[in-house]
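To keep things clear, I will list the structure first and then write my remarks on it.
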Amino acid sequence: MVAVTKPMIEQAPSPMMTVPKIMARGVDMFYGSFQALHGVSLDIEANKVTAFIGPSGCGKSTFLRCLNRMNDLIDGARVQGRIEIEGTDIYASHVDPVALRKSVGMVFQKPNPFPMSIYDNVAYGPRLHGMKGKTELDALVELSLKQAALWDEVKDKLKQSGGALSGGQQQRLCIARTLAVGPEIILMDEPCSALDPIATAKIEELISELKQSYTIVIVTHNMQQAQRTSDKTAFFMLGRLVELSETSQLFTSPQMKETDDYISGRFG
Ligand SMILES: Nc1ncnc2c1ncn2[C@@H]1O[C@H](COP(=O)(O)OP(=O)(O)OP(=O)(O)O)[C@@H](O)[C@H]1O
Ligand SMILES: [Mg+2]
């Protein structure tokens, strides 16, 4: 749950309806006078993997960053429209962006471990949020590294620098670091683009495991990866959402001509 007050009045969901984890309505996003997103509306389901695909510059990363208010950190960036997580407007004045980002974690394209030990990389967030006890921290570091499928490879060298790991291990360390603060949603922006095929396969396997407990949104340029890892795929073009469908449907019988052109390699 997002660490904010819930609205007083909530609509009871109909039993037939799945309540989306994330709901975006009419999202426009500007960098100064440049409009990067135009009226994006979509629902993201809980405990599913949703992939964002589309040509370079179409706004995938921009939209992803709207979901945990990372764009707040960019000078001149402005978001309009509504984004709710479990019914809470994440841009409402009472929402603390730091608490939001704890609940909506992010993994970046290039593995970016902090310049400190493997242990401290994972313990960093929990310590920042007030966890002090060694026993408690040890247990959380172990659990997070296990969840990120890295524990067996690093359990005997936790004091070694995170930067001394291979690229794929570093990315799993970054995932462990994200998991350690207890997110519900994990945003991944091309998490495998700097990795070799074996490290990529490990991350993809991990994504399938993590979706049992987390809601995952992954940006990828690799259409095979979208098909292997995701349940739903959203295709973006020129700052607009063109189509969001079941992944199997989007890649076999897309509803929109633009999607068809893109997935069959006619542009992008
Ligand atoms: N910090 C920024 N300041 C100004 N414009 C930006 C900024 N970041 C992105 N843009 C612009 O917004 C548009 C969308 O960019 P974005 O990075 O979201 O695209 P993308 O779909 O993630 O592309 P890629 O696949 O290459 O990563 C582009 O035209 C880009 O130049
Ligand atoms: Mg991008």
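Just remember, in the structure tokens the first chain shown is A, the second B, etc., residues are 1-based per chain, and ligands are 1-based in the order shown.
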* Asked: Would you give me, as a ChimeraX atom specification, the residues in range 30-243 of chain A that DSSP reads as strand (DSSP E)?
  -> /A:30-31,34-44,49-53,77-85,88-89,104-107,185-189,215-219,232-237,240-243
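Those residues that approach Leu67 in chain A to within 9 Å, counting only C-alpha atoms, are Ile22, Ala24, Phe63, Leu64, Met70, Asn71, Ile83, Glu84, Ile85, Ile90, Val104 and Leu187 of chain A; same-chain residues fewer than 3 positions away are not listed.
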* Asked: Glu45 in chain A: which residues within 9 Å, counting only C-alpha atoms, same-chain residues fewer than 4 positions away excluded, as a ChimeraX atom specification?
  -> /A:18-23,49-50,215,232
Just-selected residues, all heavy atoms written as a PDB file, in the first residue's frame:
```pdb
ATOM      1  N   THR A  18     -11.645  -6.423 -11.939  1.00  0.00           N
ATOM      2  CA  THR A  18     -10.374  -6.378 -11.209  1.00  0.00           C
ATOM      3  C   THR A  18     -10.034  -4.915 -11.007  1.00  0.00           C
ATOM      4  O   THR A  18     -10.058  -4.142 -11.957  1.00  0.00           O
ATOM      5  CB  THR A  18      -9.217  -6.999 -12.029  1.00  0.00           C
ATOM      6  OG1 THR A  18      -9.679  -7.298 -13.335  1.00  0.00           O
ATOM      7  CG2 THR A  18      -8.602  -8.181 -11.354  1.00  0.00           C
ATOM      8  N   VAL A  19      -9.728  -4.552  -9.774  1.00  0.00           N
ATOM      9  CA  VAL A  19      -9.346  -3.164  -9.504  1.00  0.00           C
ATOM     10  C   VAL A  19      -7.895  -2.997  -9.932  1.00  0.00           C
ATOM     11  O   VAL A  19      -7.039  -3.770  -9.519  1.00  0.00           O
ATOM     12  CB  VAL A  19      -9.487  -2.846  -8.001  1.00  0.00           C
ATOM     13  CG1 VAL A  19      -9.142  -1.386  -7.730  1.00  0.00           C
ATOM     14  CG2 VAL A  19     -10.872  -3.189  -7.532  1.00  0.00           C
ATOM     15  N   PRO A  20      -7.608  -2.001 -10.791  1.00  0.00           N
ATOM     16  CA  PRO A  20      -6.220  -1.852 -11.229  1.00  0.00           C
ATOM     17  C   PRO A  20      -5.335  -1.388 -10.080  1.00  0.00           C
ATOM     18  O   PRO A  20      -5.785  -0.671  -9.192  1.00  0.00           O
ATOM     19  CB  PRO A  20      -6.289  -0.789 -12.317  1.00  0.00           C
ATOM     20  CG  PRO A  20      -7.540  -0.040 -12.080  1.00  0.00           C
ATOM     21  CD  PRO A  20      -8.488  -0.987 -11.389  1.00  0.00           C
ATOM     22  N   LYS A  21      -4.078  -1.803 -10.116  1.00  0.00           N
ATOM     23  CA  LYS A  21      -3.108  -1.322  -9.126  1.00  0.00           C
ATOM     24  C   LYS A  21      -2.776   0.144  -9.422  1.00  0.00           C
ATOM     25  O   LYS A  21      -2.689   0.963  -8.531  1.00  0.00           O
ATOM     26  CB  LYS A  21      -1.837  -2.181  -9.246  1.00  0.00           C
ATOM     27  CG  LYS A  21      -0.806  -1.920  -8.199  1.00  0.00           C
ATOM     28  CD  LYS A  21      -1.147  -2.631  -6.919  1.00  0.00           C
ATOM     29  CE  LYS A  21      -0.070  -2.463  -5.867  1.00  0.00           C
ATOM     30  NZ  LYS A  21      -0.489  -3.069  -4.597  1.00  0.00           N
ATOM     31  N   ILE A  22      -2.575   0.396 -10.733  1.00  0.00           N
ATOM     32  CA  ILE A  22      -2.268   1.759 -11.173  1.00  0.00           C
ATOM     33  C   ILE A  22      -3.310   2.179 -12.199  1.00  0.00           C
ATOM     34  O   ILE A  22      -3.650   1.398 -13.095  1.00  0.00           O
ATOM     35  CB  ILE A  22      -0.871   1.824 -11.839  1.00  0.00           C
ATOM     36  CG1 ILE A  22       0.211   1.286 -10.896  1.00  0.00           C
ATOM     37  CG2 ILE A  22      -0.535   3.243 -12.281  1.00  0.00           C
ATOM     38  CD1 ILE A  22       1.594   1.156 -11.536  1.00  0.00           C
ATOM     39  N   MET A  23      -3.801   3.407 -12.065  1.00  0.00           N
ATOM     40  CA  MET A  23      -4.760   3.909 -13.037  1.00  0.00           C
ATOM     41  C   MET A  23      -4.297   5.286 -13.498  1.00  0.00           C
ATOM     42  O   MET A  23      -4.085   6.165 -12.660  1.00  0.00           O
ATOM     43  CB  MET A  23      -6.132   4.009 -12.375  1.00  0.00           C
ATOM     44  CG  MET A  23      -7.249   4.208 -13.344  1.00  0.00           C
ATOM     45  SD  MET A  23      -8.799   4.435 -12.450  1.00  0.00           S
ATOM     46  CE  MET A  23      -8.724   6.177 -12.188  1.00  0.00           C
ATOM     47  N   VAL A  49       2.966  -8.579 -15.070  1.00  0.00           N
ATOM     48  CA  VAL A  49       4.057  -7.827 -15.684  1.00  0.00           C
ATOM     49  C   VAL A  49       3.470  -7.084 -16.882  1.00  0.00           C
ATOM     50  O   VAL A  49       2.839  -7.699 -17.751  1.00  0.00           O
ATOM     51  CB  VAL A  49       5.202  -8.747 -16.148  1.00  0.00           C
ATOM     52  CG1 VAL A  49       6.315  -7.936 -16.811  1.00  0.00           C
ATOM     53  CG2 VAL A  49       5.766  -9.553 -14.986  1.00  0.00           C
ATOM     54  N   THR A  50       3.648  -5.770 -16.907  1.00  0.00           N
ATOM     55  CA  THR A  50       3.202  -4.971 -18.044  1.00  0.00           C
ATOM     56  C   THR A  50       4.442  -4.423 -18.740  1.00  0.00           C
ATOM     57  O   THR A  50       5.307  -3.829 -18.088  1.00  0.00           O
ATOM     58  CB  THR A  50       2.305  -3.807 -17.571  1.00  0.00           C
ATOM     59  OG1 THR A  50       1.201  -4.362 -16.856  1.00  0.00           O
ATOM     60  CG2 THR A  50       1.784  -2.986 -18.746  1.00  0.00           C
ATOM     61  N   THR A 215       3.916  -5.970  -8.443  1.00  0.00           N
ATOM     62  CA  THR A 215       3.399  -5.536  -9.744  1.00  0.00           C
ATOM     63  C   THR A 215       4.591  -4.937 -10.488  1.00  0.00           C
ATOM     64  O   THR A 215       5.288  -4.092  -9.940  1.00  0.00           O
ATOM     65  CB  THR A 215       2.303  -4.468  -9.534  1.00  0.00           C
ATOM     66  OG1 THR A 215       1.277  -5.045  -8.727  1.00  0.00           O
ATOM     67  CG2 THR A 215       1.729  -3.983 -10.853  1.00  0.00           C
ATOM     68  N   LYS A 232       0.815  -8.191 -20.152  1.00  0.00           N
ATOM     69  CA  LYS A 232       0.167  -7.146 -20.957  1.00  0.00           C
ATOM     70  C   LYS A 232       1.266  -6.319 -21.597  1.00  0.00           C
ATOM     71  O   LYS A 232       2.344  -6.148 -21.008  1.00  0.00           O
ATOM     72  CB  LYS A 232      -0.645  -6.207 -20.056  1.00  0.00           C
ATOM     73  CG  LYS A 232      -1.814  -6.874 -19.359  1.00  0.00           C
ATOM     74  CD  LYS A 232      -3.042  -6.708 -20.193  1.00  0.00           C
ATOM     75  CE  LYS A 232      -4.255  -7.336 -19.572  1.00  0.00           C
ATOM     76  NZ  LYS A 232      -5.272  -6.398 -19.189  1.00  0.00           N
TER      77      LYS A 232
END
```
* Residues within 12 Å of ligand 1, counting only C-alpha atoms and all ligand atoms, as a PyMOL selection string -> chain A and resi 28-38+52-66+70-78+108-109+188-191+193+218-222+234-241+268
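Each of A:Asn121, A:Thr233, A:Ser41, A:Ser166 was checked against Thr259 in chain A using only C-alpha atoms; the smallest atom-to-atom distance is that of A:Thr233.
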* DSSP-assigned helix (DSSP H, G or I) among range 11-238 of chain A, expressed as a ChimeraX atom specification -> /A:60-66,70-73,97-103,118-128,134-147,151-154,162-164,167-179,197-210,223-229
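Among the candidate residues A:Glu258, A:Lys110, A:Tyr119, A:Val95, the one lying nearest to ligand 2 is A:Lys110, with distances computed using only C-alpha atoms and all ligand atoms.
Neighbours of Arg228 in chain A closer than or equal to 9 Å, with only C-alpha atoms counted and sequence neighbours fewer than 4 positions away skipped, come out as Glu204, Met223 and Gln224 of chain A.
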Could you dump the residues just selected with N, CA, C and O atoms as a compact mmCIF listing (two decimals), in the first residue's frame?
```
# COMPACT_ATOMS: atom_id res chain seq x y z
N GLU A 204 15.17 -12.20 -16.50
CA GLU A 204 13.81 -12.51 -16.97
C GLU A 204 13.15 -13.58 -16.09
O GLU A 204 11.97 -13.49 -15.77
N MET A 223 11.51 -7.06 -28.31
CA MET A 223 10.14 -7.55 -28.41
C MET A 223 10.01 -9.00 -27.96
O MET A 223 8.97 -9.40 -27.46
N GLN A 224 11.11 -9.76 -28.14
CA GLN A 224 11.09 -11.13 -27.61
C GLN A 224 11.01 -11.09 -26.09
O GLN A 224 10.31 -11.88 -25.47
```
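Pairwise distance (CA of Tyr262 in chain A, CA of Val242 in chain A) equals 11.1 Å.
The shell of residues at most 8 Å from Gln227 in chain A, with only C-alpha atoms counted and near chain neighbours (fewer than 5 positions) removed, consists of A:Thr247, A:Ser248, A:Phe251.
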* Neighbours of range 128-139 of chain A within 9 Å (only C-alpha atoms; same-chain residues fewer than 4 positions away dropped), as number ranges by chain? -> A: 119, 123-124, 143-144, 181
Once you have the residues from the selection above, write them out as a PDB file, in the first residue's frame, restricted to all heavy atoms.
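In the end it all went to out-v4.pdb:
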```pdb
ATOM      1  N   TYR A 119      26.661  -5.807   1.095  1.00  0.00           N
ATOM      2  CA  TYR A 119      25.767  -5.727   2.264  1.00  0.00           C
ATOM      3  C   TYR A 119      25.200  -4.311   2.413  1.00  0.00           C
ATOM      4  O   TYR A 119      23.985  -4.137   2.532  1.00  0.00           O
ATOM      5  CB  TYR A 119      26.553  -6.126   3.525  1.00  0.00           C
ATOM      6  CG  TYR A 119      25.693  -6.159   4.770  1.00  0.00           C
ATOM      7  CD1 TYR A 119      25.203  -7.367   5.267  1.00  0.00           C
ATOM      8  CD2 TYR A 119      25.391  -4.989   5.471  1.00  0.00           C
ATOM      9  CE1 TYR A 119      24.419  -7.401   6.415  1.00  0.00           C
ATOM     10  CE2 TYR A 119      24.606  -5.015   6.602  1.00  0.00           C
ATOM     11  CZ  TYR A 119      24.121  -6.217   7.080  1.00  0.00           C
ATOM     12  OH  TYR A 119      23.341  -6.249   8.212  1.00  0.00           O
ATOM     13  N   ALA A 123      21.443  -2.793   2.581  1.00  0.00           N
ATOM     14  CA  ALA A 123      21.010  -2.256   3.875  1.00  0.00           C
ATOM     15  C   ALA A 123      20.767  -0.744   3.833  1.00  0.00           C
ATOM     16  O   ALA A 123      20.139  -0.183   4.735  1.00  0.00           O
ATOM     17  CB  ALA A 123      22.059  -2.570   4.941  1.00  0.00           C
ATOM     18  N   TYR A 124      21.231  -0.095   2.757  1.00  0.00           N
ATOM     19  CA  TYR A 124      21.197   1.367   2.674  1.00  0.00           C
ATOM     20  C   TYR A 124      19.775   1.941   2.881  1.00  0.00           C
ATOM     21  O   TYR A 124      19.558   2.781   3.751  1.00  0.00           O
ATOM     22  CB  TYR A 124      21.748   1.806   1.311  1.00  0.00           C
ATOM     23  CG  TYR A 124      21.865   3.300   1.166  1.00  0.00           C
ATOM     24  CD1 TYR A 124      23.019   3.945   1.570  1.00  0.00           C
ATOM     25  CD2 TYR A 124      20.825   4.061   0.636  1.00  0.00           C
ATOM     26  CE1 TYR A 124      23.139   5.323   1.450  1.00  0.00           C
ATOM     27  CE2 TYR A 124      20.926   5.436   0.516  1.00  0.00           C
ATOM     28  CZ  TYR A 124      22.085   6.061   0.925  1.00  0.00           C
ATOM     29  OH  TYR A 124      22.192   7.421   0.806  1.00  0.00           O
ATOM     30  N   LEU A 143      17.322 -11.996   2.971  1.00  0.00           N
ATOM     31  CA  LEU A 143      16.043 -12.228   2.287  1.00  0.00           C
ATOM     32  C   LEU A 143      16.012 -11.505   0.926  1.00  0.00           C
ATOM     33  O   LEU A 143      15.623 -12.095  -0.090  1.00  0.00           O
ATOM     34  CB  LEU A 143      14.890 -11.743   3.175  1.00  0.00           C
ATOM     35  CG  LEU A 143      13.507 -11.821   2.542  1.00  0.00           C
ATOM     36  CD1 LEU A 143      13.071 -13.284   2.390  1.00  0.00           C
ATOM     37  CD2 LEU A 143      12.472 -11.061   3.379  1.00  0.00           C
ATOM     38  N   SER A 144      16.443 -10.242   0.910  1.00  0.00           N
ATOM     39  CA  SER A 144      16.389  -9.458  -0.338  1.00  0.00           C
ATOM     40  C   SER A 144      17.319 -10.049  -1.391  1.00  0.00           C
ATOM     41  O   SER A 144      16.963 -10.125  -2.572  1.00  0.00           O
ATOM     42  CB  SER A 144      16.772  -7.996  -0.081  1.00  0.00           C
ATOM     43  OG  SER A 144      16.001  -7.480   0.965  1.00  0.00           O
ATOM     44  N   VAL A 181      13.447  -2.243   0.592  1.00  0.00           N
ATOM     45  CA  VAL A 181      12.610  -1.233   1.243  1.00  0.00           C
ATOM     46  C   VAL A 181      11.113  -1.559   1.147  1.00  0.00           C
ATOM     47  O   VAL A 181      10.268  -0.760   1.530  1.00  0.00           O
ATOM     48  CB  VAL A 181      12.871   0.205   0.704  1.00  0.00           C
ATOM     49  CG1 VAL A 181      14.270   0.656   1.080  1.00  0.00           C
ATOM     50  CG2 VAL A 181      12.656   0.296  -0.791  1.00  0.00           C
TER      51      VAL A 181
END
```
